[in-house]
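K.L.:
Below is the structure I would like to discuss, written out as structure tokens.
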Amino acid sequence: MRRSKGEFAWKALAAIMFVNGSLGVFAPRVLIRGLGIRPELEPGMIYVFRMFGIRTLFLAIDLHRAPEQRGRSLREGVLVHATDMSAALAGAALGQLPWPKGLVVAGISFVNTALAIRGALAYRGRP
């Protein structure tokens with residue numbers, strides 16, 4: 001039972017990261033507008049979303065590509081996603097993101113953190 005929940009967790013996490021990472025790389029304006037930001041007024045956001053998009057995409061691919069290191073990837077993912085969640089909440093608190101949008105981004109990162117924790121627990125004791 002533990003392994004099947006761990007399988008679901010890493011596969012769900014990889015799917016979310018693959019979609020969000022792909023959008024960040026190939027359609028950053030879609031994500032930027034979703035935050036209520038006009039990319040034509042903030043063109044630097046396109047670079048930022050592509051930068052984080054490629055990171056996210058590689059993390060998702062790594063979960064599939066290197067099963068012998070999946071446990072380590074999931075443990076590292078806990079820190080990555082928890083940091084993303086904290087950054088989204090800080091951005092909202094500092095007025096850099098509207099609260100509702102900041103909470104959506106933080107919520108996505110919270111789900112990713114929870115999935116990474118669940119997967120890491122299932123892979124405990126394995127690389």
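For the structure tokens, the naming scheme is as follows: chains receive sequential letters (A, B, ...) according to their order of presentation, residues are indexed from 1 within each chain, and ligands are indexed from 1 in presentation order.
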Could you build a table of the residues in region 68-126 of chain A lying no more than 12 Å from region 17-25 of chain A, giving for each the nearest pair of atoms and their separation in Å rounded to one decimal place, using only C-alpha atoms, ordered by chain and ascending residue number, as JSON lines?
P.N.:
{"residue": "A:Gly77", "atom": "CA", "partner": "A:Met17", "partner_atom": "CA", "distance": 10.8}
{"residue": "A:Val80", "atom": "CA", "partner": "A:Met17", "partner_atom": "CA", "distance": 11.8}
{"residue": "A:His81", "atom": "CA", "partner": "A:Met17", "partner_atom": "CA", "distance": 10.4}
{"residue": "A:Val105", "atom": "CA", "partner": "A:Asn20", "partner_atom": "CA", "distance": 11.1}
{"residue": "A:Ile108", "atom": "CA", "partner": "A:Asn20", "partner_atom": "CA", "distance": 10.1}
{"residue": "A:Ser109", "atom": "CA", "partner": "A:Met17", "partner_atom": "CA", "distance": 10.0}
{"residue": "A:Val111", "atom": "CA", "partner": "A:Met17", "partner_atom": "CA", "distance": 11.1}
{"residue": "A:Asn112", "atom": "CA", "partner": "A:Met17", "partner_atom": "CA", "distance": 8.3}
{"residue": "A:Thr113", "atom": "CA", "partner": "A:Met17", "partner_atom": "CA", "distance": 11.5}
{"residue": "A:Leu115", "atom": "CA", "partner": "A:Met17", "partner_atom": "CA", "distance": 11.3}
{"residue": "A:Ala116", "atom": "CA", "partner": "A:Met17", "partner_atom": "CA", "distance": 11.4}
K.L.:
Dump N, CA and C atoms for the selected residues as a CSV table (one decimal), in the first residue's frame?
P.N.:
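Result saved to result_20.csv:
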chain,number,residue,atom,x,y,z
A,77,GLY,N,12.9,17.8,-3.6
A,77,GLY,CA,11.7,18.5,-4.0
A,77,GLY,C,10.9,19.1,-2.9
A,80,VAL,N,12.5,22.4,-2.5
A,80,VAL,CA,12.3,23.3,-3.6
A,80,VAL,C,10.8,23.8,-3.6
A,81,HIS,N,9.9,23.0,-3.4
A,81,HIS,CA,8.5,23.4,-3.4
A,81,HIS,C,8.1,24.2,-2.2
A,105,VAL,N,-0.8,30.5,-6.3
A,105,VAL,CA,0.5,30.0,-6.5
A,105,VAL,C,1.0,29.3,-5.3
A,108,ILE,N,-0.7,25.8,-5.1
A,108,ILE,CA,-0.1,24.9,-6.0
A,108,ILE,C,1.2,24.3,-5.5
A,109,SER,N,2.1,25.2,-4.9
A,109,SER,CA,3.3,24.8,-4.3
A,109,SER,C,3.1,24.0,-3.1
A,111,VAL,N,0.5,21.9,-2.6
A,111,VAL,CA,0.2,20.6,-3.1
A,111,VAL,C,1.5,19.8,-3.6
A,112,ASN,N,2.3,20.5,-4.3
A,112,ASN,CA,3.6,19.9,-4.7
A,112,ASN,C,4.4,19.5,-3.6
A,113,THR,N,4.5,20.3,-2.5
A,113,THR,CA,5.3,20.0,-1.3
A,113,THR,C,4.7,18.7,-0.7
A,115,LEU,N,2.9,16.4,-2.1
A,115,LEU,CA,3.2,15.2,-2.9
A,115,LEU,C,4.6,14.8,-2.8
A,116,ALA,N,5.6,15.7,-2.7
A,116,ALA,CA,7.0,15.4,-2.6
A,116,ALA,C,7.2,14.7,-1.2
K.L.:
List every residue of region 26-104 of chain A that DSSP, applied to the backbone of this structure, assigns to alpha helix (DSSP H), and report them as a PyMOL selection string.
P.N.:
chain A and resi 26+28-34+44-65+70-93+99-104
K.L.:
Pick out the closest residue to Thr56 (chain A) from this set: A:Pro43, A:Arg33, A:Leu13, A:Gly102. Count only C-alpha atoms.
P.N.:
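Smallest separation from Thr56 (chain A) among the options: A:Leu13.
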K.L.:
Which of these residues is nearest to Ala114 (chain A), using only C-alpha atoms: A:Leu35, A:Met51, A:Leu79, A:Ile61?
P.N.:
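The closest residue to Ala114 (chain A) is A:Leu79.
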K.L.:
Could you list, as a PyMOL selection string, every residue within 12 Å of Tyr47 (chain A), counting only C-alpha atoms and ignoring same-chain residues fewer than 4 positions away?
P.N.:
chain A and resi 24-29+32+39+42-43+51-54
K.L.:
Which is closest to Ala15 (chain A) among A:Arg38, A:Leu57, A:Gly125, A:Val30, if we use only C-alpha atoms?
P.N.:
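Checking each candidate against Ala15 (chain A), we get A:Leu57 as the closest.
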K.L.:
A:Gly91, A:Pro98, A:Gly119, A:Gly6: which is nearest Arg75 (chain A), counting only C-alpha atoms?
P.N.:
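Checking each of A:Gly91, A:Pro98, A:Gly119, A:Gly6 against Arg75 (chain A), counting only C-alpha atoms, the winner is A:Gly119.
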K.L.:
If I take CA of Arg50 (chain A) and CA of Glu76 (chain A), how far is one from the other in Å, to one decimal?
P.N.:
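Straight-line distance from CA of Arg50 (chain A) to CA of Glu76 (chain A) works out to 21.0 Å.
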K.L.:
With distances taken over only C-alpha atoms, which residue among A:Met85, A:Ala12, A:Val104, A:Leu63 lies nearest Leu31 (chain A)?
P.N.:
A:Val104
